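Trainee: Below are the structure tokens for one structure; questions will follow.
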Amino acid sequence: MNIPILDLKEQYQSIKSEINEAVGKVLGETQFILGPEVKKLEEEIAEFIGTKYAVGVASGTDALHLALRAMGVGKGDEVITTPFTFIATAETVLLAGAVPVFADINPDTFNIDPESIEKKLTSKTKAIIPVHLYGQCADMDKIMNIARKHNLKVLEDCAQSFGAEFKGKKAGSFGDTSAFSFFPTKNLGCFGDGGMVLTNSEEVAENLKMLRGHGSKVRYYHDIEGFNSRLDTLQAAILRVKLKYINEWNEKRRNAAHLYNKLIKDSGVKTPVESGEGKHVYHQYTIKCKKRNELKDFLAGAGITSMIYYPLSLHQQKVFECLGYKKGDFPRSEKVQDEVLSLPIFPELGEERIKIISEKINEFYR
Ligand SMILES: *Cc1c(COP(=O)(O)O)cnc(C)c1O
């Protein structure tokens with residue numbers, strides 16, 4: 001038996017003819033950079049999430065980086081974010097020339113804790129980057145209130161939360177900007193790298209379009225220092241097909257998660273906590289457990305892959321030594337990094353395999 005953490009083959013098989021047709025069309029038209037499919041996808045995603053503008057870029061990392069620059073975040077600015085996330089969230093703050101400042105998390109939801117944000121505010125604070133980790137929204141009411149009160153920008157890191165909701169609104173519709181990743185493993189993933197920035201500000205959207213294309217509005221006239229960061233037409237064509245299925249796929253992820261909850265609730269592990277204020281789309285199904293590493297090995301022995309997202313908080317990463325943090329600075333983040341384990345989850349996982357995995361977890365703790 002072999003159960004991977006994620007299997008993209010089954011999904012491709014289920015929509016193969018549509019995908020191949022869409023790809024074939026782009027190949028025939030040969031407009032590979034910012035072709036018509038990119039514009040259509042931008043419109044469709046802006047509409048789906050509920051913002052006025054969307055700008056396709058080359059990756060989720062670029063989406064974060066360019067969003068910061070487009071909002072005017074840079075040298076001399078501090079940006080508050082979570083230490084319990086993927087490296088790109090804070091790496092891009094440095095790339096934009098600003099300083100990442102960490103604030104501890106809520107250990108139940110794994111998301112940044114608004115009270116901790118308030119303690120980190122200084123006269124240099126310019127922006128907040130909440131991450132909707134594992135597919136569940138951070139507390140956007142409290143975060144937006146802090147931002148309004150102190151005149152700060154908010155950039156939502158939506159890389160793991162396509163389709164997630166908070167109080168009836170979609171993740172990515174709260175902040176001044178929001179950054180999405182279409183990395184293949186994300187809930188809405190393409191067949192390579194891709195990303196997008198959403199905003200309601202025409203000015204920010206115009207800045208983004210310049211930044212992704214060498215700082216130019218009119219071809220060969222360059223107004224600002226820019227980058228080469230565009231979403232491929234091929235990826236946009238693939239994403240337009242997959243966008244039609246995202247609600248159905250996210251529902252299947254939620255059903256899978258709820259079945260896990262039911263089957264392993266008596267094993268002693270802590271199943272994911274839904275805040276009750278929105279819709280978790282389970283990019284990851286992440287439990288907290290005792291003897292985490294032993295459980296991981298035990299599952300591996302049974303052919304079941306599980307993963308640790310993330311084993312080391314960002315303030316403890318070597319690359320951020322320059323920021324001067326030390327062990328103990330963010331105790332909640334440091335504690336959960338030793339307890340979390342993400343189990344296989346994808347829309348096609350199905351009841352059968354969830355039962356097998358759950359039985360193994362129950363057996364381990366018996
Ligand atoms: C995947 C991810 C990113 C980066 O996206 P890429 O498309 O891989 O560059 C950023 N933030 C978080 C939280 C992610 O999970």
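To be explicit about the labels: the chains of the structure tokens are called A, B, and onward in the order shown, and within each one the residues are counted from 1, while ligands get numbers from 1 in the order they are shown.
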Sorted by chain and rising residue number, list the residues of range 151-266 of chain A at most 12 Å from range 360-363 of chain A (counting only C-alpha atoms), each with its closest atom pair and distance in Å to one decimal, as a Markdown table.
Mentor:
| residue | atom | partner | partner_atom | distance |
| --- | --- | --- | --- | --- |
| A:Tyr260 | CA | A:Ile361 | CA | 10.4 |
| A:Asn261 | CA | A:Ile361 | CA | 11.9 |
| A:Lys262 | CA | A:Asn362 | CA | 11.8 |
| A:Leu263 | CA | A:Asn362 | CA | 8.5 |
| A:Ile264 | CA | A:Asn362 | CA | 6.5 |
| A:Lys265 | CA | A:Asn362 | CA | 9.1 |
| A:Asp266 | CA | A:Asn362 | CA | 7.8 |
Trainee: Let me see the file: selected residues, N, CA, C and O atoms, as a PDB file, in the first residue's frame.
Mentor:
ATOM      1  N   TYR A 260     -11.813  12.515   8.786  1.00  0.00           N
ATOM      2  CA  TYR A 260     -10.636  12.302   9.654  1.00  0.00           C
ATOM      3  C   TYR A 260     -10.992  12.653  11.107  1.00  0.00           C
ATOM      4  O   TYR A 260     -10.714  11.890  12.024  1.00  0.00           O
ATOM      5  N   ASN A 261     -11.588  13.852  11.292  1.00  0.00           N
ATOM      6  CA  ASN A 261     -11.926  14.318  12.648  1.00  0.00           C
ATOM      7  C   ASN A 261     -12.696  13.251  13.406  1.00  0.00           C
ATOM      8  O   ASN A 261     -12.416  12.952  14.559  1.00  0.00           O
ATOM      9  N   LYS A 262     -13.696  12.701  12.712  1.00  0.00           N
ATOM     10  CA  LYS A 262     -14.578  11.721  13.330  1.00  0.00           C
ATOM     11  C   LYS A 262     -13.815  10.441  13.681  1.00  0.00           C
ATOM     12  O   LYS A 262     -13.980   9.877  14.760  1.00  0.00           O
ATOM     13  N   LEU A 263     -12.942  10.030  12.771  1.00  0.00           N
ATOM     14  CA  LEU A 263     -12.300   8.728  12.929  1.00  0.00           C
ATOM     15  C   LEU A 263     -11.111   8.728  13.890  1.00  0.00           C
ATOM     16  O   LEU A 263     -10.743   7.685  14.409  1.00  0.00           O
ATOM     17  N   ILE A 264     -10.469   9.893  14.110  1.00  0.00           N
ATOM     18  CA  ILE A 264      -9.284   9.885  14.979  1.00  0.00           C
ATOM     19  C   ILE A 264      -9.476  10.692  16.259  1.00  0.00           C
ATOM     20  O   ILE A 264      -8.542  10.876  17.024  1.00  0.00           O
ATOM     21  N   LYS A 265     -10.718  11.138  16.498  1.00  0.00           N
ATOM     22  CA  LYS A 265     -10.921  12.040  17.646  1.00  0.00           C
ATOM     23  C   LYS A 265     -10.616  11.376  18.992  1.00  0.00           C
ATOM     24  O   LYS A 265     -10.252  12.058  19.947  1.00  0.00           O
ATOM     25  N   ASP A 266     -10.721  10.064  19.065  1.00  0.00           N
ATOM     26  CA  ASP A 266     -10.474   9.388  20.337  1.00  0.00           C
ATOM     27  C   ASP A 266      -9.047   8.864  20.490  1.00  0.00           C
ATOM     28  O   ASP A 266      -8.712   8.236  21.485  1.00  0.00           O
TER      29      ASP A 266
END
Trainee: Can you check which parts of chain A lie within 7 Å of ligand 1? Per residue, the shortest pair of atoms and distance in Å to one decimal, counting only C-alpha atoms and all ligand atoms, sorted by chain and number, as CSV.
Mentor:
residue,atom,partner,partner_atom_place_in_ligand_line,distance
A:Ser59,CA,ligand 1,7 (O),4.0
A:Gly60,CA,ligand 1,7 (O),3.4
A:Thr61,CA,ligand 1,9 (O),3.6
A:Asp62,CA,ligand 1,9 (O),6.4
A:Thr85,CA,ligand 1,13 (C),5.5
A:Phe86,CA,ligand 1,13 (C),4.9
A:Ala88,CA,ligand 1,10 (C),4.8
A:Thr89,CA,ligand 1,11 (N),5.0
A:Val131,CA,ligand 1,13 (C),6.1
A:Leu133,CA,ligand 1,13 (C),6.4
A:Asp157,CA,ligand 1,11 (N),5.9
A:Cys158,CA,ligand 1,13 (C),6.9
A:Ala159,CA,ligand 1,14 (C),4.7
A:Gln160,CA,ligand 1,15 (O),5.2
A:Ser181,CA,ligand 1,7 (O),4.2
A:Phe182,CA,ligand 1,7 (O),5.7
A:Phe183,CA,ligand 1,7 (O),4.6
A:Asp193,CA,ligand 1,7 (O),5.8
A:Gly194,CA,ligand 1,7 (O),5.8
A:Gly195,CA,ligand 1,7 (O),5.8
Trainee: Could you save the residues just selected, with N, CA, C and O atoms, as an mmCIF file, in the first residue's frame?
Mentor:
data_model
loop_
_atom_site.group_PDB
_atom_site.id
_atom_site.type_symbol
_atom_site.label_atom_id
_atom_site.label_comp_id
_atom_site.auth_asym_id
_atom_site.auth_seq_id
_atom_site.Cartn_x
_atom_site.Cartn_y
_atom_site.Cartn_z
ATOM 1 N N SER A 59 4.926 33.810 -9.804
ATOM 2 C CA SER A 59 4.851 32.862 -8.680
ATOM 3 C C SER A 59 4.170 33.538 -7.496
ATOM 4 O O SER A 59 3.989 34.761 -7.481
ATOM 5 N N GLY A 60 3.864 32.749 -6.491
ATOM 6 C CA GLY A 60 3.322 33.311 -5.256
ATOM 7 C C GLY A 60 4.355 34.181 -4.553
ATOM 8 O O GLY A 60 4.011 35.199 -3.944
ATOM 9 N N THR A 61 5.590 33.775 -4.637
ATOM 10 C CA THR A 61 6.675 34.564 -4.035
ATOM 11 C C THR A 61 6.754 35.934 -4.689
ATOM 12 O O THR A 61 6.832 36.959 -4.000
ATOM 13 N N ASP A 62 6.701 35.955 -6.012
ATOM 14 C CA ASP A 62 6.702 37.247 -6.712
ATOM 15 C C ASP A 62 5.450 38.052 -6.379
ATOM 16 O O ASP A 62 5.505 39.281 -6.288
ATOM 17 N N THR A 85 5.159 29.954 9.115
ATOM 18 C CA THR A 85 4.702 29.995 7.718
ATOM 19 C C THR A 85 5.839 29.537 6.830
ATOM 20 O O THR A 85 6.944 29.263 7.300
ATOM 21 N N PHE A 86 5.558 29.481 5.543
ATOM 22 C CA PHE A 86 6.597 29.184 4.561
ATOM 23 C C PHE A 86 7.534 30.395 4.433
ATOM 24 O O PHE A 86 7.092 31.537 4.575
ATOM 25 N N ALA A 88 8.738 32.142 2.145
ATOM 26 C CA ALA A 88 8.491 33.237 1.197
ATOM 27 C C ALA A 88 7.778 34.428 1.835
ATOM 28 O O ALA A 88 7.992 35.571 1.433
ATOM 29 N N THR A 89 6.938 34.159 2.829
ATOM 30 C CA THR A 89 6.161 35.232 3.458
ATOM 31 C C THR A 89 7.081 36.338 3.990
ATOM 32 O O THR A 89 6.797 37.527 3.823
ATOM 33 N N VAL A 131 -1.094 35.395 7.203
ATOM 34 C CA VAL A 131 -1.099 34.222 6.326
ATOM 35 C C VAL A 131 -2.310 33.377 6.718
ATOM 36 O O VAL A 131 -2.516 33.131 7.908
ATOM 37 N N LEU A 133 -3.076 30.236 7.055
ATOM 38 C CA LEU A 133 -2.308 29.000 7.008
ATOM 39 C C LEU A 133 -3.179 27.755 6.922
ATOM 40 O O LEU A 133 -4.212 27.663 7.596
ATOM 41 N N ASP A 157 -1.491 36.857 2.665
ATOM 42 C CA ASP A 157 -0.817 35.744 1.990
ATOM 43 C C ASP A 157 -1.845 34.620 1.838
ATOM 44 O O ASP A 157 -2.145 33.894 2.780
ATOM 45 N N CYS A 158 -2.393 34.531 0.621
ATOM 46 C CA CYS A 158 -3.470 33.570 0.337
ATOM 47 C C CYS A 158 -2.964 32.330 -0.399
ATOM 48 O O CYS A 158 -3.758 31.612 -1.020
ATOM 49 N N ALA A 159 -1.659 32.088 -0.316
ATOM 50 C CA ALA A 159 -1.075 30.975 -1.076
ATOM 51 C C ALA A 159 -1.747 29.643 -0.756
ATOM 52 O O ALA A 159 -1.840 28.766 -1.606
ATOM 53 N N GLN A 160 -2.210 29.490 0.502
ATOM 54 C CA GLN A 160 -2.787 28.204 0.907
ATOM 55 C C GLN A 160 -4.306 28.267 1.041
ATOM 56 O O GLN A 160 -4.909 27.333 1.560
ATOM 57 N N SER A 181 -0.731 31.960 -4.811
ATOM 58 C CA SER A 181 0.231 31.089 -5.489
ATOM 59 C C SER A 181 -0.530 30.008 -6.232
ATOM 60 O O SER A 181 -1.500 29.459 -5.711
ATOM 61 N N PHE A 182 -0.069 29.706 -7.448
ATOM 62 C CA PHE A 182 -0.645 28.590 -8.203
ATOM 63 C C PHE A 182 0.357 27.455 -8.341
ATOM 64 O O PHE A 182 0.317 26.673 -9.297
ATOM 65 N N PHE A 183 1.297 27.382 -7.396
ATOM 66 C CA PHE A 183 2.221 26.248 -7.331
ATOM 67 C C PHE A 183 1.388 24.965 -7.425
ATOM 68 O O PHE A 183 0.276 24.915 -6.886
ATOM 69 N N ASP A 193 5.073 27.130 -12.215
ATOM 70 C CA ASP A 193 4.943 28.231 -11.260
ATOM 71 C C ASP A 193 3.939 29.261 -11.771
ATOM 72 O O ASP A 193 3.817 29.474 -12.981
ATOM 73 N N GLY A 194 3.264 29.896 -10.837
ATOM 74 C CA GLY A 194 2.350 30.972 -11.207
ATOM 75 C C GLY A 194 1.851 31.665 -9.955
ATOM 76 O O GLY A 194 1.881 31.086 -8.855
ATOM 77 N N GLY A 195 1.407 32.907 -10.104
ATOM 78 C CA GLY A 195 0.889 33.639 -8.949
ATOM 79 C C GLY A 195 0.022 34.800 -9.399
ATOM 80 O O GLY A 195 -0.098 35.079 -10.606
#
Trainee: I'd like the neighbourhood of Val79 in chain A as a VMD selection string, where a residue qualifies if any of its atoms comes within 10 Å (using only C-alpha atoms), though same-chain residues fewer than 4 positions away should be ignored.
Mentor: chain A and resid 68 73 to 74 90 93 to 94 98 to 102 120 to 121 124 to 129 152 to 155
Trainee: What's the separation between CA of Leu314 in chain A and CA of Pro130 in chain A, in Å to one decimal place?
Mentor: 14.3 Å
Trainee: At most 7 Å is the cut-off: for each residue in range 110-216 of chain A with any atom that close to an atom of range 269-288 of chain A, write down the nearest atom pair and the distance in Å rounded to one decimal, counting only C-alpha atoms, chain first then increasing number, as a tab-separated table.
Mentor:
residue	atom	partner	partner_atom	distance
A:Tyr134	CA	A:Gln284	CA	4.8
A:Gly135	CA	A:Val281	CA	4.8
A:Gln136	CA	A:His280	CA	4.4
A:Gln160	CA	A:His283	CA	5.7
A:Ser161	CA	A:Val281	CA	6.5
A:Gly163	CA	A:Val281	CA	6.9
A:Ala164	CA	A:Lys279	CA	5.3
A:Glu165	CA	A:Lys279	CA	4.7
A:Phe166	CA	A:Gly278	CA	4.1
A:Lys167	CA	A:Gly278	CA	5.1
A:Gly168	CA	A:Gly278	CA	6.5
A:Lys186	CA	A:His283	CA	6.7
A:Asn187	CA	A:His283	CA	6.0
